[in-house]
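Student: Have a peek at coords_26.tsv (TSV, C-alpha atoms).
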```
chain	number	residue	atom	x	y	z
A	240	MET	CA	-22.91	-18.79	-4.26
A	241	PRO	CA	-23.70	-16.69	-1.15
A	242	GLU	CA	-20.86	-14.81	0.51
A	243	HIS	CA	-21.28	-16.75	3.77
A	244	PRO	CA	-22.63	-20.23	3.00
A	245	TYR	CA	-21.77	-21.51	6.46
A	246	PRO	CA	-23.90	-20.62	9.53
A	247	PRO	CA	-22.69	-18.36	12.33
A	248	ILE	CA	-20.57	-20.22	14.88
A	249	GLU	CA	-19.00	-19.49	18.23
A	250	PRO	CA	-15.47	-20.48	19.24
A	251	TYR	CA	-15.01	-23.62	21.29
A	252	ASP	CA	-11.75	-22.25	22.70
A	253	THR	CA	-10.33	-18.76	23.32
A	254	GLY	CA	-7.19	-17.52	24.99
A	255	MET	CA	-4.50	-14.90	25.40
A	256	LEU	CA	-1.00	-16.08	24.46
A	257	ASP	CA	2.04	-14.38	25.96
A	258	VAL	CA	4.46	-13.93	23.05
A	259	GLY	CA	7.09	-11.91	24.89
A	260	ASP	CA	7.98	-8.21	24.81
A	261	GLY	CA	5.03	-7.57	27.12
A	262	GLN	CA	2.66	-8.63	24.32
A	263	ARG	CA	-0.33	-10.95	24.60
A	264	ILE	CA	-2.27	-11.98	21.51
A	265	TYR	CA	-5.90	-13.04	21.48
A	266	TYR	CA	-6.78	-16.25	19.65
A	267	GLU	CA	-9.82	-18.43	19.19
A	268	GLN	CA	-10.60	-21.82	17.69
A	269	CYS	CA	-13.83	-22.66	15.90
A	270	GLY	CA	-15.29	-25.55	13.97
A	271	ASN	CA	-14.11	-29.13	14.36
A	272	PRO	CA	-11.37	-29.69	16.99
A	273	ALA	CA	-10.34	-32.80	15.07
A	274	GLY	CA	-10.53	-31.10	11.68
A	275	LYS	CA	-7.82	-29.89	9.33
A	276	PRO	CA	-6.00	-26.94	10.95
A	277	LEU	CA	-6.49	-23.60	9.16
A	278	VAL	CA	-5.11	-20.32	10.48
A	279	MET	CA	-6.50	-17.00	9.28
A	280	VAL	CA	-4.05	-14.09	9.03
A	281	HIS	CA	-5.94	-10.79	8.98
A	282	GLY	CA	-5.31	-7.63	7.02
A	283	GLY	CA	-4.47	-4.09	7.98
A	284	PRO	CA	-2.02	-4.17	9.60
A	285	GLY	CA	-4.27	-3.63	12.57
A	286	GLY	CA	-7.53	-4.83	11.04
A	287	GLY	CA	-8.22	-7.68	13.44
A	288	TRP	CA	-10.78	-10.38	12.78
A	289	SER	CA	-14.56	-10.26	13.03
A	290	PRO	CA	-17.16	-12.99	13.67
A	291	GLY	CA	-17.96	-13.23	9.97
A	292	SER	CA	-14.43	-14.49	9.34
A	293	ARG	CA	-15.33	-17.73	11.09
A	294	ARG	CA	-17.73	-18.52	8.25
A	295	MET	CA	-15.21	-18.63	5.39
A	296	ALA	CA	-14.45	-22.34	5.81
A	297	ASP	CA	-16.49	-25.48	6.46
A	298	PRO	CA	-16.70	-25.80	10.27
A	299	ALA	CA	-17.34	-29.53	10.00
A	300	ALA	CA	-14.08	-30.07	8.13
A	301	TYR	CA	-11.73	-27.45	9.54
A	302	ARG	CA	-10.22	-26.54	12.88
A	303	ILE	CA	-10.35	-22.77	12.28
A	304	VAL	CA	-7.84	-20.62	14.17
A	305	LEU	CA	-8.26	-16.85	14.23
A	306	TYR	CA	-6.06	-14.41	16.11
A	307	ASP	CA	-5.44	-10.68	16.44
A	308	GLN	CA	-1.93	-9.52	15.62
A	309	ARG	CA	0.09	-7.42	18.06
A	310	GLY	CA	-1.48	-4.13	19.05
A	311	CYS	CA	-4.95	-4.62	17.59
A	312	GLY	CA	-8.30	-6.26	18.18
A	313	ARG	CA	-8.35	-7.94	21.57
A	314	SER	CA	-4.58	-8.29	21.82
A	315	THR	CA	-2.72	-6.23	24.40
A	316	PRO	CA	-1.27	-3.68	24.81
A	317	HIS	CA	-3.39	-1.81	22.26
A	318	ALA	CA	-1.84	0.46	19.64
A	319	ALA	CA	-4.53	3.09	20.23
A	320	ASP	CA	-2.84	3.86	23.54
A	321	HIS	CA	-0.01	6.36	23.17
A	322	GLY	CA	2.00	4.59	25.84
A	323	THR	CA	2.11	1.41	23.74
A	324	THR	CA	5.49	1.28	22.04
A	325	LEU	CA	5.65	-0.27	18.58
A	326	ALA	CA	9.37	-1.05	18.82
A	327	ALA	CA	8.56	-4.76	19.19
A	328	ASN	CA	5.94	-4.74	16.45
A	329	THR	CA	7.57	-5.67	13.15
A	330	THR	CA	7.07	-8.33	10.51
A	331	SER	CA	9.66	-10.59	12.11
A	332	HIS	CA	7.85	-10.30	15.46
A	333	LEU	CA	4.54	-11.22	13.80
A	334	ILE	CA	6.10	-14.23	12.06
A	335	ALA	CA	7.47	-15.43	15.39
A	336	ASP	CA	4.06	-14.93	17.02
A	337	LEU	CA	2.38	-17.10	14.42
A	338	GLU	CA	4.91	-19.86	15.01
A	339	ARG	CA	4.45	-19.59	18.79
A	340	LEU	CA	0.70	-19.85	18.34
A	341	ARG	CA	1.11	-22.99	16.23
A	342	GLU	CA	3.29	-24.58	18.90
A	343	HIS	CA	0.94	-23.51	21.70
A	344	LEU	CA	-2.02	-25.15	19.96
A	345	GLY	CA	-0.11	-28.33	19.25
A	346	VAL	CA	-0.54	-28.03	15.48
A	347	GLU	CA	2.05	-29.83	13.36
A	348	ARG	CA	1.16	-28.22	10.02
A	349	TRP	CA	-1.66	-25.97	8.91
A	350	LEU	CA	-3.30	-24.30	5.94
A	351	VAL	CA	-2.39	-20.59	6.02
A	352	PHE	CA	-5.01	-18.15	4.78
A	353	GLY	CA	-4.16	-14.46	4.43
A	354	ALA	CA	-6.13	-11.47	3.18
A	355	SER	CA	-4.69	-8.14	2.02
A	356	TRP	CA	-1.81	-7.31	4.44
A	357	GLY	CA	-2.36	-10.86	5.69
A	358	THR	CA	-1.02	-12.11	2.35
A	359	THR	CA	2.27	-10.33	3.04
A	360	LEU	CA	2.51	-11.80	6.53
A	361	GLY	CA	1.17	-15.23	5.56
A	362	LEU	CA	3.60	-15.55	2.66
A	363	ALA	CA	6.53	-14.25	4.71
A	364	TYR	CA	5.69	-16.83	7.38
A	365	ALA	CA	5.44	-19.64	4.82
A	366	GLU	CA	8.76	-18.69	3.23
A	367	GLN	CA	10.42	-18.84	6.66
A	368	HIS	CA	8.61	-21.98	7.86
A	369	PRO	CA	7.59	-23.93	4.72
A	370	GLU	CA	7.68	-27.23	6.58
A	371	ARG	CA	4.73	-26.02	8.71
A	372	VAL	CA	2.42	-25.11	5.82
A	373	THR	CA	0.14	-27.57	4.02
A	374	GLU	CA	-1.37	-25.04	1.59
A	375	LEU	CA	-1.56	-21.28	1.14
A	376	ILE	CA	-4.63	-19.23	0.26
A	377	LEU	CA	-3.76	-15.59	-0.43
A	378	VAL	CA	-6.64	-13.26	-1.26
A	379	ALA	CA	-6.27	-9.63	-2.43
A	380	VAL	CA	-2.54	-10.12	-2.78
A	381	ALA	CA	-0.39	-7.39	-1.23
A	382	LEU	CA	3.41	-7.67	-1.27
A	383	THR	CA	4.05	-4.41	0.64
A	384	ARG	CA	6.82	-3.30	-1.68
A	385	ARG	CA	7.58	0.39	-1.92
A	386	VAL	CA	5.90	0.43	-5.33
A	387	ASP	CA	2.74	-1.04	-3.75
A	388	VAL	CA	2.68	1.45	-0.89
A	389	ASP	CA	3.32	4.34	-3.28
A	390	TRP	CA	0.34	3.22	-5.37
A	391	LEU	CA	-2.05	2.97	-2.43
A	392	TYR	CA	-1.00	6.23	-0.79
A	393	GLY	CA	-0.11	8.19	-3.90
A	394	GLY	CA	-0.93	6.77	-7.32
A	395	LEU	CA	-4.62	6.40	-6.53
A	396	ARG	CA	-4.93	10.18	-6.18
A	397	ARG	CA	-5.68	10.32	-9.91
A	398	PHE	CA	-8.95	8.49	-9.25
A	399	LEU	CA	-9.81	10.36	-6.05
A	400	PRO	CA	-8.38	13.88	-6.40
A	401	GLU	CA	-10.72	15.55	-3.89
A	402	GLU	CA	-10.28	12.85	-1.27
A	403	TRP	CA	-6.52	12.84	-1.87
A	404	ALA	CA	-6.37	16.60	-1.34
A	405	ARG	CA	-8.05	16.20	2.05
A	406	TYR	CA	-5.64	13.40	2.99
A	407	ARG	CA	-2.62	15.49	1.94
A	408	ASP	CA	-3.87	18.75	3.44
A	409	ALA	CA	-4.44	17.15	6.83
A	410	VAL	CA	-0.68	17.26	7.44
A	411	PRO	CA	1.38	20.43	8.08
A	412	GLU	CA	1.86	22.47	4.93
A	413	GLY	CA	5.63	22.15	4.80
A	414	LEU	CA	5.44	18.35	4.84
A	415	ARG	CA	2.85	17.76	2.13
A	416	ASP	CA	5.34	17.04	-0.65
A	417	GLY	CA	7.22	14.39	1.33
A	418	ASP	CA	6.54	10.72	2.00
A	419	LEU	CA	3.10	10.96	3.57
A	420	THR	CA	3.30	7.53	5.20
A	421	GLN	CA	6.32	8.77	7.16
A	422	VAL	CA	4.64	12.08	7.97
A	423	TYR	CA	1.54	10.30	9.24
A	424	ASP	CA	3.70	7.90	11.22
A	425	GLU	CA	5.11	10.90	13.09
A	426	LEU	CA	1.71	12.52	13.61
A	427	LEU	CA	0.18	9.29	14.87
A	428	ASN	CA	2.91	9.12	17.53
A	429	SER	CA	2.54	12.75	18.60
A	430	PRO	CA	2.30	13.40	22.35
A	431	ASP	CA	-0.81	15.49	21.60
A	432	PRO	CA	-3.92	13.23	21.60
A	433	ASP	CA	-5.84	15.63	19.36
A	434	VAL	CA	-3.06	15.51	16.74
A	435	ARG	CA	-3.06	11.72	16.88
A	436	GLN	CA	-6.83	11.40	16.48
A	437	ARG	CA	-7.04	13.95	13.65
A	438	ALA	CA	-4.30	12.10	11.79
A	439	ALA	CA	-6.06	8.77	12.35
A	440	ASP	CA	-9.37	10.16	11.12
A	441	ALA	CA	-7.75	11.62	7.98
A	442	TRP	CA	-5.91	8.38	7.28
A	443	MET	CA	-9.08	6.34	7.63
A	444	ALA	CA	-11.06	8.78	5.48
A	445	TRP	CA	-8.60	8.06	2.67
A	446	GLU	CA	-8.82	4.31	3.29
A	447	ASP	CA	-12.62	4.49	3.21
A	448	ALA	CA	-12.56	6.49	-0.03
A	449	VAL	CA	-10.41	3.80	-1.64
A	450	VAL	CA	-12.76	1.05	-0.47
A	451	SER	CA	-15.66	2.97	-2.01
A	452	LEU	CA	-14.16	2.31	-5.45
A	453	ASP	CA	-14.80	-1.42	-5.09
A	454	ALA	CA	-17.48	-2.77	-7.41
A	455	GLY	CA	-20.49	-3.96	-5.40
A	456	THR	CA	-18.89	-3.41	-2.00
A	457	ALA	CA	-21.03	-2.69	1.03
A	458	GLY	CA	-18.56	0.01	2.03
A	459	PRO	CA	-16.35	0.33	5.11
A	460	SER	CA	-17.03	-2.04	8.00
A	461	ALA	CA	-18.99	-0.74	10.98
A	462	LYS	CA	-16.06	-1.18	13.38
A	463	ARG	CA	-14.26	1.69	11.64
A	464	ALA	CA	-16.63	4.07	13.42
A	465	ASP	CA	-14.80	3.40	16.69
A	466	PRO	CA	-12.15	6.13	17.27
A	467	ARG	CA	-9.85	3.64	19.04
A	468	TYR	CA	-10.08	1.24	16.14
A	469	ARG	CA	-9.23	4.04	13.69
A	470	LEU	CA	-6.29	5.16	15.78
A	471	ALA	CA	-4.79	1.69	16.17
A	472	PHE	CA	-5.39	0.79	12.53
A	473	ALA	CA	-3.86	4.00	11.18
A	474	ARG	CA	-0.93	3.91	13.59
A	475	LEU	CA	-0.05	0.31	12.71
A	476	CYS	CA	-0.47	0.87	8.97
A	477	ALA	CA	1.73	3.96	8.99
A	478	HIS	CA	4.27	2.16	11.17
A	479	TYR	CA	4.57	-0.81	8.82
A	480	PHE	CA	4.27	1.01	5.50
A	481	SER	CA	6.71	3.78	6.36
A	482	HIS	CA	9.27	1.06	7.12
A	483	GLY	CA	8.53	-1.08	4.06
A	484	ALA	CA	7.36	-3.79	6.47
A	485	TRP	CA	11.06	-4.40	7.17
A	486	LEU	CA	11.27	-6.41	3.93
A	487	ALA	CA	13.62	-6.03	1.02
A	488	GLU	CA	11.82	-4.43	-1.92
A	489	ASN	CA	11.05	-7.64	-3.83
A	490	GLN	CA	11.80	-10.09	-1.04
A	491	LEU	CA	8.61	-12.14	-1.15
A	492	ILE	CA	8.89	-12.83	-4.87
A	493	ASP	CA	12.66	-13.35	-4.75
A	494	GLN	CA	12.18	-15.98	-2.02
A	495	ALA	CA	9.12	-17.65	-3.57
A	496	HIS	CA	11.30	-20.66	-4.34
A	497	ARG	CA	11.04	-21.48	-0.63
A	498	VAL	CA	7.34	-22.34	-1.02
A	499	HIS	CA	7.77	-24.42	-4.16
A	500	GLY	CA	5.91	-27.69	-3.61
A	501	ILE	CA	3.24	-26.05	-1.44
A	502	PRO	CA	-0.12	-25.85	-3.24
A	503	GLY	CA	-1.60	-22.38	-3.31
A	504	ILE	CA	-4.48	-20.26	-4.55
A	505	LEU	CA	-4.02	-16.56	-5.28
A	506	ALA	CA	-7.41	-14.84	-5.62
A	507	HIS	CA	-7.42	-11.22	-6.74
A	508	GLY	CA	-10.05	-8.84	-8.03
A	509	ARG	CA	-9.51	-7.66	-11.58
A	510	PHE	CA	-10.25	-4.08	-10.52
A	511	ASP	CA	-8.83	-4.05	-7.00
A	512	PRO	CA	-8.09	-0.36	-6.34
A	513	GLN	CA	-5.87	-1.08	-3.36
A	514	GLY	CA	-3.45	-3.21	-5.33
A	515	PRO	CA	-3.25	-3.81	-9.08
A	516	LEU	CA	-3.50	-7.41	-10.31
A	517	GLU	CA	0.13	-7.24	-11.45
A	518	ALA	CA	1.48	-8.20	-8.01
A	519	ALA	CA	-0.57	-11.42	-7.85
A	520	TRP	CA	0.41	-12.24	-11.44
A	521	GLN	CA	4.10	-11.72	-10.68
A	522	LEU	CA	3.88	-13.94	-7.61
A	523	ALA	CA	2.10	-16.68	-9.57
A	524	ARG	CA	4.91	-16.66	-12.14
A	525	ALA	CA	7.50	-17.09	-9.38
A	526	TRP	CA	5.52	-19.83	-7.62
A	527	PRO	CA	4.45	-22.56	-10.09
A	528	ASP	CA	2.40	-24.44	-7.49
A	529	ALA	CA	0.01	-21.52	-7.08
A	530	GLU	CA	-3.15	-21.09	-9.13
A	531	LEU	CA	-4.03	-17.50	-9.94
A	532	VAL	CA	-7.80	-16.93	-9.70
A	533	ILE	CA	-8.77	-13.60	-11.24
A	534	VAL	CA	-12.13	-12.49	-9.88
A	535	GLU	CA	-13.72	-10.53	-12.71
A	536	ASN	CA	-15.53	-7.24	-12.07
A	537	ALA	CA	-14.39	-7.31	-8.43
A	538	GLY	CA	-12.37	-5.02	-6.22
A	539	HIS	CA	-10.69	-5.48	-2.84
A	540	THR	CA	-13.75	-6.17	-0.71
A	541	SER	CA	-16.44	-7.03	-3.25
A	542	PRO	CA	-18.85	-9.87	-2.39
A	543	ALA	CA	-17.27	-11.93	-5.15
A	544	ILE	CA	-14.02	-11.91	-3.17
A	545	GLY	CA	-15.83	-13.54	-0.24
A	546	GLN	CA	-17.13	-16.16	-2.65
A	547	ALA	CA	-13.59	-16.77	-3.92
A	548	ILE	CA	-12.37	-17.32	-0.35
A	549	VAL	CA	-15.03	-19.96	0.32
A	550	ALA	CA	-14.29	-21.65	-3.01
A	551	ALA	CA	-10.60	-21.81	-2.09
A	552	THR	CA	-11.17	-23.27	1.38
A	553	ASP	CA	-13.61	-25.76	-0.14
A	554	ARG	CA	-10.93	-26.76	-2.67
A	555	PHE	CA	-8.55	-27.79	0.12
A	556	ARG	CA	-11.24	-29.26	2.35
A	557	PRO	CA	-10.31	-32.82	3.36
A	558	ALA	CA	-12.33	-35.60	1.79
A	559	GLY	CA	-15.08	-37.11	3.92
```
Is it possible to express this structure as structure tokens?
Tutor:
Amino acid sequence: MPEHPYPPIEPYDTGMLDVGDGQRIYYEQCGNPAGKPLVMVHGGPGGGWSPGSRRMADPAAYRIVLYDQRGCGRSTPHAADHGTTLAANTTSHLIADLERLREHLGVERWLVFGASWGTTLGLAYAEQHPERVTELILVAVALTRRVDVDWLYGGLRRFLPEEWARYRDAVPEGLRDGDLTQVYDELLNSPDPDVRQRAADAWMAWEDAVVSLDAGTAGPSAKRADPRYRLAFARLCAHYFSHGAWLAENQLIDQAHRVHGIPGILAHGRFDPQGPLEAAWQLARAWPDAELVIVENAGHTSPAIGQAIVAATDRFRPAG
């Protein structure tokens, strides 16, 4: 199966939704206006969506909604700007934004698709608003627990010692043995623009090194070459991860009972370097309605993961 079996499409509707706190989020709708509503929750935090994301579901069957979370992509104000405060950018704010978007679009219930960080946000949203979710598709499951963050920004150093040394040594010497997500969070909010950009570049170099471990991946996306993208992405990631995404350590699994009765697919690469399979397996055990799909010989962004996404959206595609 090709990674993108559906042809390129353009949105039939775009807009900027005022969600309060001086924030406006970009959204677009593609596919069939009368189709089954499907909302795509992107990764990062701060990753935004790209045109290829429109091609992960059948446009004849689905009303596909994509949007950029606060501070990234085409949403405003942008996190790359030092004057943009992140005080009103937390998981609870993002959950509320998703619900406002649903109401704005006049959607009663929708299929929620999340990838990577989007699985944290998509699941948190579903646990808070289960009556609004028809199904859940969570790909490259990330629960954003402290143990998960420690793995991504610490444990993986055993596989990438040289790259890890560069990531660690990019911060002031006296701070290198502390919590680097917190240190980077401070650097990325420095009043000095050179300090901010150097921190963003070092953060993204580590992220790119981790992606390079994926089996068969094409490597980092082209948009990462944009300094503003790198700055916003790194700043939002450090902001969320240094605060544990404002979630209790095992909150999403402990509250999985709230999505019982909602069909789900959890697709995860067997060799995903960014997050071991264990998290998806633990979630599947706590949520009997979810099917765990282990994608063999795949990482976080391998082509086989794209194929698993299409297979999942096809599974929930309405008949006829």
Student: For Ala484 in chain A, please output as a list in words all residues within 12 Å (counting all atoms listed in the file; exclusion window: fewer than 5 positions along the same chain).
Tutor: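 Result of the neighbour search: Gly283, Pro284, Asn328, Thr329, Thr330, Ser331, His332, Leu333, Ile334, Trp356, Thr359, Leu360, Ala363, Ala381, Leu382, Thr383, Arg384, Arg385, Asp387, Val388, Leu475, Cys476, Ala477, His478, Tyr479, Asn489, Gln490 and Leu491 of chain A.
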Student: Which residue out of A:Ala409, A:Ala537, A:Ala299, A:Ala327 has the minimum interatomic distance to Val450 in chain A when only C-alpha atoms are used?
Tutor: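 The answer is A:Ala537, which sits nearest to Val450 in chain A.
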Student: Looking at all atoms listed in the file, which of A:Leu399, A:Met295, A:Leu470, A:Val380 is the one that sits closest to Ala550 in chain A?
Tutor: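 Closest residue, counting all atoms listed in the file: A:Met295.
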Student: In terms of the shortest atom-to-atom distance over only C-alpha atoms, which of A:Arg263, A:His368, A:Arg341, A:Arg348 is closest to Asp307 in chain A?
Tutor: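 Closest to Asp307 in chain A of all the choices is A:Arg263.
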Student: Taking (-10.0, -19.0, 23.7) as a centre in this file's frame and 9 Å as the limit, can you find every polymer residue with an atom that close, using all atoms listed in the file, and give them as a list of chain:residue names?
Tutor: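 Selection result: A:Pro250, A:Tyr251, A:Asp252, A:Thr253, A:Gly254, A:Met255, A:Tyr265, A:Tyr266, A:Glu267, A:Gln268.
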Student: If you count all atoms listed in the file, which residues fall within 7 Å of Ala438 in chain A, apart from same-chain ones fewer than 4 positions away, as a VMD selection string?
Tutor: chain A and resid 423 426 to 427 434 442
Student: Of the candidates A:Leu395, A:Val532, A:Val304, A:Val422, which one gets nearest to Leu452 in chain A if we count all atoms listed in the file?
Tutor: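 Checking each of A:Leu395, A:Val532, A:Val304, A:Val422 against Leu452 in chain A, counting all atoms listed in the file, the winner is A:Leu395.
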Student: Calculated over all atoms listed in the file, which of the candidates A:Gly274, A:Pro557, A:Gly503, A:Gly310 has the smallest distance to Val372 in chain A?
Tutor: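 Closest residue, counting all atoms listed in the file: A:Gly503.
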Student: In terms of the shortest atom-to-atom distance over only C-alpha atoms, which of A:Pro466, A:Arg556, A:Glu370, A:Val386 is closest to Gly500 in chain A?
Tutor: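 Once distances to Gly500 in chain A are computed over only C-alpha atoms, the minimum belongs to A:Glu370.
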Student: What is the distance between CA of Gly353 in chain A and CA of Asp553 in chain A, in Å to one decimal?
Tutor: 15.4 Å
Student: Could you list, as a list in words, every residue within 9 Å of Gly285 in chain A, counting only C-alpha atoms and ignoring same-chain residues fewer than 3 positions away?
Tutor: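 Neighbouring residues, sequence-local ones excluded: His281, Gly282, Asp307, Gln308, Arg309, Gly310, Cys311, Gly312, Ala318, Tyr468, Ala471, Phe472, Ala473, Arg474, Leu475 and Cys476 of chain A.
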Student: Report, in Å to a single decimal, how far apart CA of Ala379 in chain A and CA of Leu505 in chain A are.
Tutor: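 Separation between CA of Leu505 in chain A and CA of Ala379 in chain A: 7.8 Å.
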Student: Could you write range 388-412 of chain A as a PDB file, in the frame of the given file, with N, CA and C atoms rebuilt where they are missing?
Tutor:
```pdb
ATOM      1  N   VAL A 388       3.068   0.414  -1.846  1.00  0.00           N
ATOM      2  CA  VAL A 388       2.680   1.450  -0.890  1.00  0.00           C
ATOM      3  C   VAL A 388       2.508   2.792  -1.604  1.00  0.00           C
ATOM      4  N   ASP A 389       3.419   3.086  -2.533  1.00  0.00           N
ATOM      5  CA  ASP A 389       3.320   4.340  -3.280  1.00  0.00           C
ATOM      6  C   ASP A 389       2.038   4.400  -4.104  1.00  0.00           C
ATOM      7  N   TRP A 390       1.595   3.255  -4.612  1.00  0.00           N
ATOM      8  CA  TRP A 390       0.340   3.220  -5.370  1.00  0.00           C
ATOM      9  C   TRP A 390      -0.843   3.533  -4.456  1.00  0.00           C
ATOM     10  N   LEU A 391      -0.901   2.839  -3.310  1.00  0.00           N
ATOM     11  CA  LEU A 391      -2.050   2.970  -2.430  1.00  0.00           C
ATOM     12  C   LEU A 391      -2.139   4.353  -1.797  1.00  0.00           C
ATOM     13  N   TYR A 392      -0.996   4.929  -1.465  1.00  0.00           N
ATOM     14  CA  TYR A 392      -1.000   6.230  -0.790  1.00  0.00           C
ATOM     15  C   TYR A 392      -0.416   7.339  -1.666  1.00  0.00           C
ATOM     16  N   GLY A 393      -0.583   7.164  -2.985  1.00  0.00           N
ATOM     17  CA  GLY A 393      -0.110   8.190  -3.900  1.00  0.00           C
ATOM     18  C   GLY A 393      -0.722   8.062  -5.282  1.00  0.00           C
ATOM     19  N   GLY A 394      -0.466   6.948  -5.943  1.00  0.00           N
ATOM     20  CA  GLY A 394      -0.930   6.770  -7.320  1.00  0.00           C
ATOM     21  C   GLY A 394      -2.430   6.857  -7.476  1.00  0.00           C
ATOM     22  N   LEU A 395      -3.154   6.402  -6.452  1.00  0.00           N
ATOM     23  CA  LEU A 395      -4.620   6.400  -6.530  1.00  0.00           C
ATOM     24  C   LEU A 395      -5.219   7.806  -6.493  1.00  0.00           C
ATOM     25  N   ARG A 396      -4.397   8.814  -6.229  1.00  0.00           N
ATOM     26  CA  ARG A 396      -4.930  10.180  -6.180  1.00  0.00           C
ATOM     27  C   ARG A 396      -5.539  10.595  -7.511  1.00  0.00           C
ATOM     28  N   ARG A 397      -5.125   9.977  -8.597  1.00  0.00           N
ATOM     29  CA  ARG A 397      -5.680  10.320  -9.910  1.00  0.00           C
ATOM     30  C   ARG A 397      -7.139   9.911 -10.032  1.00  0.00           C
ATOM     31  N   PHE A 398      -7.557   8.935  -9.238  1.00  0.00           N
ATOM     32  CA  PHE A 398      -8.950   8.490  -9.250  1.00  0.00           C
ATOM     33  C   PHE A 398      -9.788   9.209  -8.204  1.00  0.00           C
ATOM     34  N   LEU A 399      -9.114   9.734  -7.171  1.00  0.00           N
ATOM     35  CA  LEU A 399      -9.810  10.360  -6.050  1.00  0.00           C
ATOM     36  C   LEU A 399      -9.143  11.688  -5.708  1.00  0.00           C
ATOM     37  N   PRO A 400      -9.142  12.634  -6.636  1.00  0.00           N
ATOM     38  CA  PRO A 400      -8.380  13.880  -6.400  1.00  0.00           C
ATOM     39  C   PRO A 400      -8.880  14.684  -5.212  1.00  0.00           C
ATOM     40  N   GLU A 401     -10.204  14.763  -5.010  1.00  0.00           N
ATOM     41  CA  GLU A 401     -10.720  15.550  -3.890  1.00  0.00           C
ATOM     42  C   GLU A 401     -10.384  14.888  -2.565  1.00  0.00           C
ATOM     43  N   GLU A 402     -10.572  13.576  -2.495  1.00  0.00           N
ATOM     44  CA  GLU A 402     -10.280  12.850  -1.270  1.00  0.00           C
ATOM     45  C   GLU A 402      -8.774  12.873  -0.972  1.00  0.00           C
ATOM     46  N   TRP A 403      -7.975  12.772  -2.031  1.00  0.00           N
ATOM     47  CA  TRP A 403      -6.520  12.840  -1.870  1.00  0.00           C
ATOM     48  C   TRP A 403      -6.101  14.204  -1.313  1.00  0.00           C
ATOM     49  N   ALA A 404      -6.711  15.265  -1.810  1.00  0.00           N
ATOM     50  CA  ALA A 404      -6.370  16.600  -1.340  1.00  0.00           C
ATOM     51  C   ALA A 404      -6.642  16.734   0.156  1.00  0.00           C
ATOM     52  N   ARG A 405      -7.751  16.153   0.619  1.00  0.00           N
ATOM     53  CA  ARG A 405      -8.050  16.200   2.050  1.00  0.00           C
ATOM     54  C   ARG A 405      -7.030  15.407   2.849  1.00  0.00           C
ATOM     55  N   TYR A 406      -6.636  14.252   2.328  1.00  0.00           N
ATOM     56  CA  TYR A 406      -5.640  13.400   2.990  1.00  0.00           C
ATOM     57  C   TYR A 406      -4.297  14.133   3.076  1.00  0.00           C
ATOM     58  N   ARG A 407      -3.894  14.761   1.990  1.00  0.00           N
ATOM     59  CA  ARG A 407      -2.620  15.490   1.940  1.00  0.00           C
ATOM     60  C   ARG A 407      -2.676  16.743   2.816  1.00  0.00           C
ATOM     61  N   ASP A 408      -3.778  17.474   2.744  1.00  0.00           N
ATOM     62  CA  ASP A 408      -3.870  18.750   3.440  1.00  0.00           C
ATOM     63  C   ASP A 408      -4.077  18.607   4.942  1.00  0.00           C
ATOM     64  N   ALA A 409      -4.286  17.375   5.397  1.00  0.00           N
ATOM     65  CA  ALA A 409      -4.440  17.150   6.830  1.00  0.00           C
ATOM     66  C   ALA A 409      -3.100  17.159   7.562  1.00  0.00           C
ATOM     67  N   VAL A 410      -1.997  17.209   6.814  1.00  0.00           N
ATOM     68  CA  VAL A 410      -0.680  17.260   7.440  1.00  0.00           C
ATOM     69  C   VAL A 410      -0.137  18.689   7.319  1.00  0.00           C
ATOM     70  N   PRO A 411       0.828  19.071   8.137  1.00  0.00           N
ATOM     71  CA  PRO A 411       1.380  20.430   8.080  1.00  0.00           C
ATOM     72  C   PRO A 411       1.856  20.790   6.679  1.00  0.00           C
ATOM     73  N   GLU A 412       1.631  22.030   6.303  1.00  0.00           N
ATOM     74  CA  GLU A 412       1.860  22.470   4.930  1.00  0.00           C
ATOM     75  C   GLU A 412       3.267  22.167   4.430  1.00  0.00           C
TER      76      GLU A 412
END
```
